[in-house]
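> Below are the structure tokens for one structure; questions will follow.
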Amino acid sequence: MTDSVKELFGVNDIKSQLHFSQIGLSDSIPHKKVLTEALFNKDYSELDFLTYEINYPVQFAVTSDTTPTYLFSGKAINMSENPLYKYSSILITVIPLSERTIVVLAAFKSDPYGSAYLDELSKMNELSFERAVSWHILTNCENTFYSPKWIDTLNPKKKSWITKLPMASADLRIPPLKYNPGKFRLNLFEYQLDA
């Protein structure tokens, strides 16, 4: 199993990876507490939200707690090996319903860059927003579920982006990927007639 993990993530130092995983888990404890209290108290004032609705169901679903490495403007964030560094989380949920899709992004107000991430997204036009969130999903989210029927309808280039970009993003042998709107044109939210 260790060899598989080394190959998958492109690292030989598993102890270091475990160390950073443990830091990630301990970093999530305060966020879990805030979310649990918010649910029980029905008070979500500790979070900033950005919502988006589409009038058709998309062919994927997402729920994830992410720590992106860059703001969309290119500023580096969440890149420190210092165990005391405060990472900024972005929570994302994409819910396809029978006749519409709801997208909810949230950030903890106490995180240094979470709200800035949402602010940058909120200033984008519709197409730019959908492409930027597509990038976010493909490079940050682990819990994304695609309709197999939809995947089979995609052209080879789109299918390649969807399958290879998450693996490239997880590969620790290469520098963290930075969003480039001029080169990244994939829009996961694009309406599909055949889906």
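Going by the structure tokens order, chains are called A, B, ..., each with residues numbered from 1, while ligands are numbered from 1 in the order shown.
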Using DSSP on the backbone coordinates, identify all residues within range 68-108 of chain A classified as strand (DSSP E or B); present the result as a PyMOL selection string.
chain A and resi 70+76+90-96+101-108
> With only C-alpha atoms counted and 12 Å as the cut-off, give the residues of range 45-112 of chain A in contact with range 162-170 of chain A, each with its shortest interatomic distance in Å and the pair that gives it, as JSON lines.

{"residue": "A:Phe60", "atom": "CA", "partner": "A:Ile162", "partner_atom": "CA", "distance": 11.5}
{"residue": "A:Pro68", "atom": "CA", "partner": "A:Ser169", "partner_atom": "CA", "distance": 10.4}
{"residue": "A:Thr69", "atom": "CA", "partner": "A:Ser169", "partner_atom": "CA", "distance": 10.2}
> Measuring atom to atom with only C-alpha atoms, identify which of A:Thr144, A:Ser128, A:Thr36, A:Ser45 is nearest to Glu190 in chain A.
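Result for the nearest residue to Glu190 in chain A: A:Ser128.
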> Considering only C-alpha atoms, can you say which of A:Thr93, A:Ser80, A:Ser147, A:Asn187 comes closest to Arg131 in chain A?
A:Asn187
> Using only C-alpha atoms, which protein or nucleic acid residues come within 12 Å of Trp150 in chain A? Drop anything in the same chain fewer than 5 positions from it, and give the result as a list in words.
Pro57, Val58, Gln59, Phe60, Phe145, Asn155, Lys158, Lys159, Ile162, Leu188, Phe189, Glu190, Tyr191, Gln192, Leu193, Asp194 and Ala195 of chain A
